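The data block below is input.cif; it holds mmCIF, C-alpha atoms and all ligand atoms.
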data_data
loop_
_atom_site.group_PDB
_atom_site.id
_atom_site.type_symbol
_atom_site.label_atom_id
_atom_site.label_comp_id
_atom_site.auth_asym_id
_atom_site.auth_seq_id
_atom_site.Cartn_x
_atom_site.Cartn_y
_atom_site.Cartn_z
ATOM 1 C CA MET A 1 -11.092 18.933 -5.605
ATOM 2 C CA LYS A 2 -8.592 18.422 -2.804
ATOM 3 C CA LEU A 3 -5.812 17.077 -5.023
ATOM 4 C CA HIS A 4 -6.248 19.191 -8.148
ATOM 5 C CA GLY A 5 -2.868 19.715 -9.842
ATOM 6 C CA LYS A 6 -1.163 16.904 -7.935
ATOM 7 C CA LEU A 7 0.413 13.771 -9.413
ATOM 8 C CA ALA A 8 0.215 10.583 -7.350
ATOM 9 C CA PHE A 9 2.280 7.416 -7.911
ATOM 10 C CA ILE A 10 0.493 4.400 -6.436
ATOM 11 C CA THR A 11 2.207 1.025 -6.253
ATOM 12 C CA GLY A 12 0.051 -2.077 -6.293
ATOM 13 C CA GLY A 13 -2.578 0.029 -8.034
ATOM 14 C CA GLY A 14 -3.872 -2.757 -10.266
ATOM 15 C CA ARG A 15 -6.409 -4.063 -7.757
ATOM 16 C CA GLY A 16 -7.526 -4.030 -4.121
ATOM 17 C CA ILE A 17 -6.498 -1.207 -1.824
ATOM 18 C CA GLY A 18 -4.157 0.445 -4.374
ATOM 19 C CA SER A 19 -6.880 0.645 -7.003
ATOM 20 C CA ALA A 20 -9.313 2.160 -4.460
ATOM 21 C CA ILE A 21 -6.708 4.787 -3.483
ATOM 22 C CA ALA A 22 -6.034 5.636 -7.140
ATOM 23 C CA PHE A 23 -9.779 6.147 -7.765
ATOM 24 C CA ALA A 24 -10.205 8.194 -4.563
ATOM 25 C CA PHE A 25 -7.304 10.497 -5.484
ATOM 26 C CA ALA A 26 -8.444 10.871 -9.118
ATOM 27 C CA ARG A 27 -11.973 11.765 -7.972
ATOM 28 C CA GLU A 28 -10.337 14.651 -6.086
ATOM 29 C CA GLY A 29 -8.606 15.814 -9.272
ATOM 30 C CA ALA A 30 -5.184 14.132 -9.019
ATOM 31 C CA ASP A 31 -3.378 12.709 -12.022
ATOM 32 C CA VAL A 32 -2.280 9.189 -11.154
ATOM 33 C CA ALA A 33 0.376 6.662 -12.123
ATOM 34 C CA VAL A 34 -0.785 3.139 -11.336
ATOM 35 C CA ALA A 35 2.052 0.629 -10.951
ATOM 36 C CA ALA A 36 2.146 -3.164 -10.584
ATOM 37 C CA ARG A 37 3.536 -6.202 -12.419
ATOM 38 C CA THR A 38 0.323 -7.308 -14.165
ATOM 39 C CA GLU A 39 0.009 -5.115 -17.238
ATOM 40 C CA GLU A 40 -3.634 -5.927 -17.912
ATOM 41 C CA GLN A 41 -4.667 -4.845 -14.399
ATOM 42 C CA VAL A 42 -2.828 -1.509 -14.404
ATOM 43 C CA ARG A 43 -4.140 -0.756 -17.902
ATOM 44 C CA THR A 44 -7.724 -1.568 -16.926
ATOM 45 C CA VAL A 45 -7.562 0.612 -13.812
ATOM 46 C CA ALA A 46 -5.894 3.516 -15.650
ATOM 47 C CA ILE A 47 -8.461 3.462 -18.464
ATOM 48 C CA ALA A 48 -11.373 3.307 -15.999
ATOM 49 C CA ILE A 49 -9.945 6.223 -13.985
ATOM 50 C CA HIS A 50 -9.381 8.344 -17.073
ATOM 51 C CA ASN A 51 -12.873 7.615 -18.366
ATOM 52 C CA GLU A 52 -14.547 8.375 -15.040
ATOM 53 C CA CYS A 53 -12.471 11.335 -13.836
ATOM 54 C CA GLY A 54 -10.884 12.808 -16.968
ATOM 55 C CA VAL A 55 -7.469 13.042 -15.271
ATOM 56 C CA GLN A 56 -4.196 11.737 -16.690
ATOM 57 C CA ALA A 57 -3.866 8.089 -15.619
ATOM 58 C CA ILE A 58 -0.592 6.374 -16.495
ATOM 59 C CA PRO A 59 -0.355 2.561 -16.333
ATOM 60 C CA VAL A 60 3.132 1.489 -15.267
ATOM 61 C CA VAL A 61 4.426 -2.077 -15.355
ATOM 62 C CA CYS A 62 6.913 -2.294 -12.509
ATOM 63 C CA ASP A 63 8.318 -4.835 -10.090
ATOM 64 C CA VAL A 64 8.806 -2.774 -6.929
ATOM 65 C CA ALA A 65 11.126 -5.428 -5.490
ATOM 66 C CA GLN A 66 13.699 -4.599 -8.203
ATOM 67 C CA PRO A 67 15.530 -1.270 -7.880
ATOM 68 C CA ASP A 68 16.187 -1.026 -11.646
ATOM 69 C CA SER A 69 12.516 -1.580 -12.396
ATOM 70 C CA VAL A 70 11.570 1.168 -9.909
ATOM 71 C CA SER A 71 14.050 3.628 -11.462
ATOM 72 C CA ALA A 72 12.691 2.876 -14.934
ATOM 73 C CA ALA A 73 9.088 3.303 -13.723
ATOM 74 C CA PHE A 74 9.757 6.729 -12.222
ATOM 75 C CA ALA A 75 11.658 7.811 -15.357
ATOM 76 C CA ARG A 76 8.677 6.761 -17.477
ATOM 77 C CA VAL A 77 6.257 8.752 -15.300
ATOM 78 C CA VAL A 78 8.453 11.870 -15.454
ATOM 79 C CA THR A 79 8.543 11.536 -19.253
ATOM 80 C CA GLU A 80 4.761 11.039 -19.566
ATOM 81 C CA ALA A 81 3.613 13.562 -16.949
ATOM 82 C CA GLY A 82 6.426 16.100 -17.342
ATOM 83 C CA ARG A 83 7.180 16.040 -13.619
ATOM 84 C CA GLY A 84 7.881 13.786 -10.666
ATOM 85 C CA PRO A 85 5.053 12.715 -8.342
ATOM 86 C CA ASP A 86 3.833 14.974 -5.517
ATOM 87 C CA ILE A 87 2.334 12.000 -3.697
ATOM 88 C CA LEU A 88 3.766 8.492 -3.358
ATOM 89 C CA VAL A 89 1.670 5.618 -2.043
ATOM 90 C CA ASN A 90 3.794 2.571 -1.233
ATOM 91 C CA ASN A 91 1.013 0.015 -1.254
ATOM 92 C CA ALA A 92 2.302 -2.983 -3.254
ATOM 93 C CA GLY A 93 2.707 -6.005 -1.055
ATOM 94 C CA ILE A 94 2.483 -9.744 -0.621
ATOM 95 C CA ALA A 95 1.398 -11.891 2.308
ATOM 96 C CA ILE A 96 2.148 -15.599 2.232
ATOM 97 C CA SER A 97 1.710 -17.397 5.510
ATOM 98 C CA ALA A 98 4.082 -20.147 6.576
ATOM 99 C CA ALA A 99 5.178 -21.750 9.816
ATOM 100 C CA PHE A 100 8.434 -20.166 10.998
ATOM 101 C CA LEU A 101 10.525 -23.293 10.372
ATOM 102 C CA LYS A 102 8.985 -23.682 6.912
ATOM 103 C CA THR A 103 9.870 -20.088 5.970
ATOM 104 C CA ASP A 104 12.776 -20.617 3.579
ATOM 105 C CA ASP A 105 15.272 -17.955 2.457
ATOM 106 C CA GLU A 106 13.337 -17.270 -0.727
ATOM 107 C CA LEU A 107 10.041 -16.587 1.059
ATOM 108 C CA TRP A 108 11.774 -14.448 3.694
ATOM 109 C CA GLN A 109 13.630 -12.367 1.067
ATOM 110 C CA ARG A 110 10.515 -12.039 -1.103
ATOM 111 C CA HIS A 111 8.593 -10.440 1.778
ATOM 112 C CA LEU A 112 11.438 -8.091 2.663
ATOM 113 C CA SER A 113 12.075 -7.004 -0.931
ATOM 114 C CA THR A 114 8.411 -6.645 -1.969
ATOM 115 C CA ASN A 115 7.041 -5.071 1.212
ATOM 116 C CA LEU A 116 10.006 -3.210 2.721
ATOM 117 C CA SER A 117 12.859 -2.592 0.248
ATOM 118 C CA SER A 118 10.258 -1.459 -2.306
ATOM 119 C CA THR A 119 9.250 1.331 0.069
ATOM 120 C CA PHE A 120 12.880 2.404 0.290
ATOM 121 C CA TYR A 121 13.431 2.234 -3.504
ATOM 122 C CA CYS A 122 10.258 4.164 -4.376
ATOM 123 C CA SER A 123 10.692 6.788 -1.631
ATOM 124 C CA ARG A 124 14.288 7.367 -2.743
ATOM 125 C CA ALA A 125 13.088 7.872 -6.323
ATOM 126 C CA ALA A 126 10.219 10.204 -5.391
ATOM 127 C CA LEU A 127 11.755 12.352 -2.676
ATOM 128 C CA PRO A 128 14.080 14.674 -4.642
ATOM 129 C CA ALA A 129 11.203 16.272 -6.619
ATOM 130 C CA MET A 130 9.148 16.665 -3.421
ATOM 131 C CA LEU A 131 12.025 18.365 -1.594
ATOM 132 C CA GLU A 132 12.679 20.644 -4.544
ATOM 133 C CA ARG A 133 9.006 21.729 -4.524
ATOM 134 C CA GLY A 134 8.810 21.982 -0.749
ATOM 135 C CA TRP A 135 5.665 19.821 -0.805
ATOM 136 C CA GLY A 136 5.204 16.094 -0.771
ATOM 137 C CA ARG A 137 3.350 13.166 0.720
ATOM 138 C CA VAL A 138 4.622 9.630 1.287
ATOM 139 C CA ILE A 139 1.925 7.198 2.404
ATOM 140 C CA ASN A 140 2.971 3.656 3.244
ATOM 141 C CA VAL A 141 0.320 0.973 3.422
ATOM 142 C CA ALA A 142 1.716 -1.189 6.216
ATOM 143 C CA SER A 143 -0.536 -3.380 8.386
ATOM 144 C CA ILE A 144 -1.480 -3.958 11.997
ATOM 145 C CA ALA A 145 1.026 -6.829 11.546
ATOM 146 C CA GLY A 146 3.584 -3.991 11.529
ATOM 147 C CA LYS A 147 2.670 -3.291 15.161
ATOM 148 C CA THR A 148 1.990 -6.729 16.565
ATOM 149 C CA GLY A 149 2.990 -10.290 15.725
ATOM 150 C CA GLY A 150 0.970 -13.299 14.702
ATOM 151 C CA PRO A 151 1.612 -16.991 14.173
ATOM 152 C CA TYR A 152 2.617 -18.077 10.632
ATOM 153 C CA ILE A 153 3.369 -14.529 9.447
ATOM 154 C CA ALA A 154 6.917 -13.898 10.732
ATOM 155 C CA ALA A 155 8.253 -12.726 7.349
ATOM 156 C CA TYR A 156 5.223 -10.551 6.609
ATOM 157 C CA SER A 157 5.130 -9.063 10.102
ATOM 158 C CA ALA A 158 8.880 -8.381 10.130
ATOM 159 C CA SER A 159 8.639 -6.603 6.760
ATOM 160 C CA LYS A 160 5.742 -4.432 7.937
ATOM 161 C CA HIS A 161 7.488 -3.580 11.236
ATOM 162 C CA GLY A 162 10.363 -2.423 9.026
ATOM 163 C CA VAL A 163 8.012 -0.192 7.030
ATOM 164 C CA LEU A 164 7.001 1.590 10.249
ATOM 165 C CA GLY A 165 10.661 2.168 11.184
ATOM 166 C CA LEU A 166 11.345 3.652 7.767
ATOM 167 C CA THR A 167 8.185 5.791 8.002
ATOM 168 C CA ARG A 168 9.072 7.294 11.372
ATOM 169 C CA SER A 169 12.731 7.964 10.561
ATOM 170 C CA LEU A 170 12.077 9.531 7.156
ATOM 171 C CA ALA A 171 9.239 11.649 8.612
ATOM 172 C CA LEU A 172 11.687 13.233 11.062
ATOM 173 C CA GLU A 173 14.322 13.756 8.382
ATOM 174 C CA VAL A 174 12.013 15.785 6.117
ATOM 175 C CA ALA A 175 9.709 17.331 8.747
ATOM 176 C CA THR A 176 10.783 20.910 7.990
ATOM 177 C CA LYS A 177 10.641 20.465 4.200
ATOM 178 C CA GLY A 178 6.882 20.380 3.581
ATOM 179 C CA VAL A 179 6.931 16.614 3.147
ATOM 180 C CA THR A 180 4.917 14.291 5.401
ATOM 181 C CA VAL A 181 5.532 10.564 5.733
ATOM 182 C CA ASN A 182 2.893 8.324 7.292
ATOM 183 C CA ALA A 183 1.734 4.737 7.393
ATOM 184 C CA ILE A 184 -1.731 3.239 7.335
ATOM 185 C CA CYS A 185 -2.171 -0.035 9.213
ATOM 186 C CA PRO A 186 -5.237 -1.926 8.024
ATOM 187 C CA GLY A 187 -6.700 -4.999 9.651
ATOM 188 C CA TYR A 188 -8.192 -7.616 7.316
ATOM 189 C CA VAL A 189 -9.476 -5.873 4.177
ATOM 190 C CA ASP A 190 -11.974 -7.284 1.687
ATOM 191 C CA THR A 191 -9.468 -7.907 -1.162
ATOM 192 C CA GLU A 192 -7.890 -10.784 -3.084
ATOM 193 C CA MET A 193 -5.136 -10.965 -0.456
ATOM 194 C CA THR A 194 -7.697 -11.813 2.215
ATOM 195 C CA ALA A 195 -9.534 -14.175 -0.154
ATOM 196 C CA ARG A 196 -6.277 -16.129 -0.488
ATOM 197 C CA GLY A 197 -5.988 -16.140 3.318
ATOM 198 C CA VAL A 198 -9.481 -17.613 3.557
ATOM 199 C CA GLU A 199 -8.551 -20.324 1.001
ATOM 200 C CA ASN A 200 -5.484 -21.103 3.076
ATOM 201 C CA ILE A 201 -7.487 -21.552 6.296
ATOM 202 C CA THR A 202 -9.975 -23.746 4.429
ATOM 203 C CA ALA A 203 -7.183 -25.920 3.012
ATOM 204 C CA ARG A 204 -5.461 -26.323 6.375
ATOM 205 C CA THR A 205 -8.468 -26.817 8.618
ATOM 206 C CA GLY A 206 -11.128 -28.350 6.389
ATOM 207 C CA LYS A 207 -13.545 -25.613 7.487
ATOM 208 C CA SER A 208 -15.923 -24.162 4.897
ATOM 209 C CA ALA A 209 -15.070 -20.873 3.181
ATOM 210 C CA ASP A 210 -17.779 -19.089 5.224
ATOM 211 C CA GLU A 211 -16.439 -20.489 8.500
ATOM 212 C CA SER A 212 -12.882 -19.483 7.537
ATOM 213 C CA LEU A 213 -14.007 -15.964 6.674
ATOM 214 C CA GLU A 214 -15.840 -15.783 9.987
ATOM 215 C CA ILE A 215 -12.558 -16.545 11.813
ATOM 216 C CA LEU A 216 -10.942 -13.480 10.221
ATOM 217 C CA LYS A 217 -13.983 -11.272 10.849
ATOM 218 C CA ARG A 218 -14.009 -12.233 14.524
ATOM 219 C CA LEU A 219 -10.459 -10.930 14.930
ATOM 220 C CA SER A 220 -11.994 -7.454 14.708
ATOM 221 C CA PRO A 221 -14.137 -6.047 17.546
ATOM 222 C CA GLN A 222 -16.434 -4.810 14.750
ATOM 223 C CA ARG A 223 -16.764 -8.425 13.500
ATOM 224 C CA ARG A 224 -16.257 -7.432 9.874
ATOM 225 C CA LEU A 225 -13.619 -6.872 7.204
ATOM 226 C CA VAL A 226 -12.507 -3.341 6.425
ATOM 227 C CA THR A 227 -13.209 -2.133 2.860
ATOM 228 C CA SER A 228 -10.569 -0.775 0.475
ATOM 229 C CA GLU A 229 -12.574 2.456 0.311
ATOM 230 C CA GLU A 230 -12.190 2.968 4.066
ATOM 231 C CA VAL A 231 -8.409 2.679 3.707
ATOM 232 C CA ALA A 232 -8.505 5.026 0.707
ATOM 233 C CA ALA A 233 -10.401 7.646 2.733
ATOM 234 C CA VAL A 234 -7.562 7.779 5.279
ATOM 235 C CA ALA A 235 -4.990 7.946 2.469
ATOM 236 C CA LEU A 236 -6.908 10.905 1.028
ATOM 237 C CA LEU A 237 -6.767 12.772 4.336
ATOM 238 C CA LEU A 238 -3.014 12.157 4.580
ATOM 239 C CA ALA A 239 -2.506 13.297 0.975
ATOM 240 C CA SER A 240 -4.558 16.471 1.312
ATOM 241 C CA GLU A 241 -3.547 19.919 2.486
ATOM 242 C CA GLU A 242 -5.625 19.394 5.651
ATOM 243 C CA GLY A 243 -3.342 16.478 6.541
ATOM 244 C CA ARG A 244 -0.175 18.569 6.618
ATOM 245 C CA GLY A 245 0.164 18.397 10.411
ATOM 246 C CA ILE A 246 0.095 14.598 10.464
ATOM 247 C CA THR A 247 3.521 13.015 10.032
ATOM 248 C CA GLY A 248 5.405 10.014 11.354
ATOM 249 C CA GLN A 249 2.119 8.332 12.266
ATOM 250 C CA ALA A 250 0.901 4.774 11.785
ATOM 251 C CA ILE A 251 -2.886 4.966 11.647
ATOM 252 C CA ASN A 252 -4.877 1.783 12.252
ATOM 253 C CA VAL A 253 -7.956 1.087 10.108
ATOM 254 C CA ASP A 254 -8.929 -2.165 11.766
ATOM 255 C CA GLY A 255 -12.207 -1.838 13.658
ATOM 256 C CA GLY A 256 -10.366 -1.536 16.958
ATOM 257 C CA THR A 257 -8.275 -4.719 16.800
ATOM 258 C CA VAL A 258 -5.044 -2.959 17.804
ATOM 259 C CA MET A 259 -5.204 0.107 20.047
ATOM 260 C CA TYR A 260 -1.682 1.511 19.807
HETATM 261 P P1 LIG B 301 -3.835 -7.458 -3.378
HETATM 262 O O1 LIG B 301 -5.265 -7.374 -3.765
HETATM 263 O O2 LIG B 301 -3.137 -8.761 -3.444
HETATM 264 O O3 LIG B 301 -3.028 -6.375 -4.227
HETATM 265 C C1 LIG B 301 -1.646 -6.259 -4.112
HETATM 266 C C2 LIG B 301 -1.117 -5.326 -5.173
HETATM 267 O O4 LIG B 301 0.316 -5.255 -5.041
HETATM 268 C C3 LIG B 301 -1.419 -5.835 -6.576
HETATM 269 O O5 LIG B 301 -1.707 -4.758 -7.426
HETATM 270 C C4 LIG B 301 -0.115 -6.495 -6.964
HETATM 271 O O6 LIG B 301 0.005 -6.514 -8.373
HETATM 272 C C5 LIG B 301 0.887 -5.557 -6.309
HETATM 273 N N1 LIG B 301 2.192 -6.162 -6.160
HETATM 274 C C6 LIG B 301 2.538 -7.282 -5.458
HETATM 275 N N2 LIG B 301 3.840 -7.543 -5.626
HETATM 276 C C7 LIG B 301 4.334 -6.563 -6.423
HETATM 277 C C8 LIG B 301 5.617 -6.291 -6.971
HETATM 278 N N3 LIG B 301 6.678 -7.075 -6.722
HETATM 279 N N4 LIG B 301 5.769 -5.209 -7.757
HETATM 280 C C9 LIG B 301 4.713 -4.408 -8.022
HETATM 281 N N5 LIG B 301 3.484 -4.615 -7.549
HETATM 282 C C10 LIG B 301 3.304 -5.686 -6.767
HETATM 283 O O7 LIG B 301 -3.626 -6.942 -1.892
HETATM 284 P P2 LIG B 301 -4.280 -5.729 -1.046
HETATM 285 O O8 LIG B 301 -5.103 -6.341 -0.001
HETATM 286 O O9 LIG B 301 -4.855 -4.689 -1.939
HETATM 287 O O10 LIG B 301 -2.950 -5.204 -0.329
HETATM 288 C C11 LIG B 301 -2.368 -3.937 -0.566
HETATM 289 C C12 LIG B 301 -1.456 -3.596 0.594
HETATM 290 O O11 LIG B 301 -2.213 -3.578 1.802
HETATM 291 C C13 LIG B 301 -0.327 -4.601 0.825
HETATM 292 O O12 LIG B 301 0.866 -3.936 1.145
HETATM 293 C C14 LIG B 301 -0.810 -5.401 2.017
HETATM 294 O O13 LIG B 301 0.247 -5.965 2.761
HETATM 295 C C15 LIG B 301 -1.568 -4.350 2.779
HETATM 296 N N6 LIG B 301 -2.550 -4.892 3.708
HETATM 297 C C16 LIG B 301 -3.560 -5.687 3.242
HETATM 298 C C17 LIG B 301 -4.459 -6.235 4.150
HETATM 299 C C18 LIG B 301 -5.588 -7.130 3.714
HETATM 300 O O14 LIG B 301 -6.262 -7.696 4.590
HETATM 301 N N7 LIG B 301 -5.869 -7.278 2.436
HETATM 302 C C19 LIG B 301 -4.318 -5.959 5.519
HETATM 303 C C20 LIG B 301 -3.284 -5.150 5.944
HETATM 304 C C21 LIG B 301 -2.395 -4.620 5.018
HETATM 305 P P3 LIG B 301 0.837 -7.611 -9.204
HETATM 306 O O15 LIG B 301 0.685 -8.922 -8.505
HETATM 307 O O16 LIG B 301 0.215 -7.513 -10.537
HETATM 308 O O17 LIG B 301 2.258 -7.108 -9.211
#
Go ahead and express the file in the form of structure tokens.
Ligand code: NAP
Amino acid sequence: MKLHGKLAFITGGGRGIGSAIAFAFAREGADVAVAARTEEQVRTVAIAIHNECGVQAIPVVCDVAQPDSVSAAFARVVTEAGRGPDILVNNAGIAISAAFLKTDDELWQRHLSTNLSSTFYCSRAALPAMLERGWGRVINVASIAGKTGGPYIAAYSASKHGVLGLTRSLALEVATKGVTVNAICPGYVDTEMTARGVENITARTGKSADESLEILKRLSPQRRLVTSEEVAAVALLLASEEGRGITGQAINVDGGTVMY
């Protein structure tokens, strides 16, 4: 029970990678708050976690792109759990591809607010309790698109590059305070986000769904998608006591696609 007695706040916990991280942490004894906009999804995940692991699992409806919504979500968790989170996973995100000249202000701002500003808002809300305790973990789910560019993903890639800048700077600021700050950079993961990417390729190219999926798989030297559980396993290491020496890092989980 590596996380017994800890409380983790996981954004985007209603499905995909966030849900897998919430389950992985709860299986190691953590209480969890699972936050996203879709109430039914956060409720379903929280109930399943409580039933399987017996830990406290708090469903939180929150739009991480809105600072007031983030403040209200953290206040609710403090009220329900009696304390602020020990572990924050900034995982909520969107990825909508568009040609650069078809990326309008709204799409640009939506990526920055959902993927980058959210990480700032949630970290700002979580940090005081961590500093007071002298123990904390901030884990940002970025992307290999935070390290390298790609066509049709300028807004997404820019937002994820920003997440890595925030990660590295905050890690240095709190390095002596018992708080680590790291990022995980997945390649293509087998989630709804990737399923939408496959639909997009199919719609644009006329290829079959299998052929479109194959294009994404072939971007990885391992010729496969990563699973949410593989990302969750790295998050667990970063959250655990054994991970205390790792900070300011951006760890790729991508089958070798990016090697820096
Ligand atoms: P997903 O299945 O689409 O899940 C995204 C989660 O984020 C959902 O729970 C969603 O819930 C939540 N979310 C989105 N906008 C939100 C908002 N404004 N406020 C609160 N929650 C919000 O995607 P995923 O694949 O698990 O992605 C999770 C993270 O991994 C993202 O940051 C993504 O960029 C990153 N990532 C994914 C891949 C991949 O291939 N899938 C690769 C690299 C990095 P609601 O819509 O209900 O709010």
Counting only C-alpha atoms, which of A:Thr79, A:Ser118, A:Ser19, A:Ser208 gets nearest to Cys62 in chain A? A:Ser118
With all atoms listed in the file as the counted atoms, please give the residues lying no more than 6 Å from range 38-49 of chain A, apart from itself and same-chain residues fewer than 2 positions off, as a VMD selection string. chain A and resid 14 34 36 51 to 53 57 59 61
Hits from the PyMOL selection byres (((not hetatm)) within 7 of (chain B and resi 301)), listed as an NGL selection string: :A and (11-18 or 35-38 or 41 or 62-65 or 91-95 or 114-115 or 141-144 or 185-194)
Matched chain/residue IDs from the PyMOL selection byres (((chain A and resi 258) around 9) and not hetatm), as an mmCIF file with C-alpha atoms, in the frame of the given file:
data_model
loop_
_atom_site.group_PDB
_atom_site.id
_atom_site.type_symbol
_atom_site.label_atom_id
_atom_site.label_comp_id
_atom_site.auth_asym_id
_atom_site.auth_seq_id
_atom_site.Cartn_x
_atom_site.Cartn_y
_atom_site.Cartn_z
ATOM 1 C CA ILE A 144 -1.480 -3.958 11.997
ATOM 2 C CA LYS A 147 2.670 -3.291 15.161
ATOM 3 C CA THR A 148 1.990 -6.729 16.565
ATOM 4 C CA GLY A 187 -6.700 -4.999 9.651
ATOM 5 C CA SER A 220 -11.994 -7.454 14.708
ATOM 6 C CA ASN A 252 -4.877 1.783 12.252
ATOM 7 C CA ASP A 254 -8.929 -2.165 11.766
ATOM 8 C CA GLY A 255 -12.207 -1.838 13.658
ATOM 9 C CA GLY A 256 -10.366 -1.536 16.958
ATOM 10 C CA THR A 257 -8.275 -4.719 16.800
ATOM 11 C CA MET A 259 -5.204 0.107 20.047
ATOM 12 C CA TYR A 260 -1.682 1.511 19.807
#
Within 12 Å of Leu216 in chain A, counting all atoms listed in the file, which residues qualify if same-chain residues fewer than 3 places away don't, as a VMD selection string? chain A and resid 187 to 190 194 to 202 209 to 213 219 to 226 254 257
Restricting to all atoms listed in the file, whichever of A:Gln66, A:Gly82, A:Ala98, A:Phe74 is closest to Leu116 in chain A is A:Gln66
Every residue with an atom at most 12 Å from (10.9, 15.1, -8.1) (file coordinates; only C-alpha atoms) is what I'm after, so could you write them as a compact mmCIF listing (two decimals) with C-alpha atoms, keeping the file's coordinate frame?
# COMPACT_ATOMS: atom_id res chain seq x y z
CA LEU A 7 0.41 13.77 -9.41
CA ALA A 8 0.22 10.58 -7.35
CA PHE A 9 2.28 7.42 -7.91
CA PHE A 74 9.76 6.73 -12.22
CA ALA A 75 11.66 7.81 -15.36
CA VAL A 77 6.26 8.75 -15.30
CA VAL A 78 8.45 11.87 -15.45
CA THR A 79 8.54 11.54 -19.25
CA ALA A 81 3.61 13.56 -16.95
CA GLY A 82 6.43 16.10 -17.34
CA ARG A 83 7.18 16.04 -13.62
CA GLY A 84 7.88 13.79 -10.67
CA PRO A 85 5.05 12.72 -8.34
CA ASP A 86 3.83 14.97 -5.52
CA ILE A 87 2.33 12.00 -3.70
CA LEU A 88 3.77 8.49 -3.36
CA CYS A 122 10.26 4.16 -4.38
CA SER A 123 10.69 6.79 -1.63
CA ARG A 124 14.29 7.37 -2.74
CA ALA A 125 13.09 7.87 -6.32
CA ALA A 126 10.22 10.20 -5.39
CA LEU A 127 11.76 12.35 -2.68
CA PRO A 128 14.08 14.67 -4.64
CA ALA A 129 11.20 16.27 -6.62
CA MET A 130 9.15 16.66 -3.42
CA LEU A 131 12.02 18.36 -1.59
CA GLU A 132 12.68 20.64 -4.54
CA ARG A 133 9.01 21.73 -4.52
CA GLY A 134 8.81 21.98 -0.75
CA TRP A 135 5.66 19.82 -0.80
CA GLY A 136 5.20 16.09 -0.77
CA ARG A 137 3.35 13.17 0.72
Å distance separating CA of Ala22 in chain A from CA of Ala235 in chain A, one decimal place: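 Spanning CA of Ala22 in chain A to CA of Ala235 in chain A is a straight-line distance of 9.9 Å.
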If we count all atoms listed in the file, what is near Ile251 in chain A at a cut-off of 8 Å, once residues fewer than 4 positions away on the same chain are taken out, given as a VMD selection string? chain A and resid 182 to 185
Spatial neighbours of range 4-6 of chain A, max dist 7 Å, all atoms listed in the file, sep filter under 6 positions, as a ChimeraX atom specification: /A:28-31,86
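CA of Asn90 in chain A sits 7.5 Å away from CA of Val138 in chain A.
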Which distance in Å separates CA of Gly245 in chain A and CA of Val174 in chain A, to one decimal?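 Interatomic distance here is 12.9 Å.
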Nearest to Gly243 in chain A, restricted to all atoms listed in the file and choosing among A:Glu80, A:Ile139, A:Gly149, A:Lys207, comes out as A:Ile139
Tell me which residues come within 9 Å of (-2.2, 18.0, 1.6), as a PyMOL selection string, counting only C-alpha atoms in the file's coordinates. chain A and resi 2-3+135-137+180+236-244
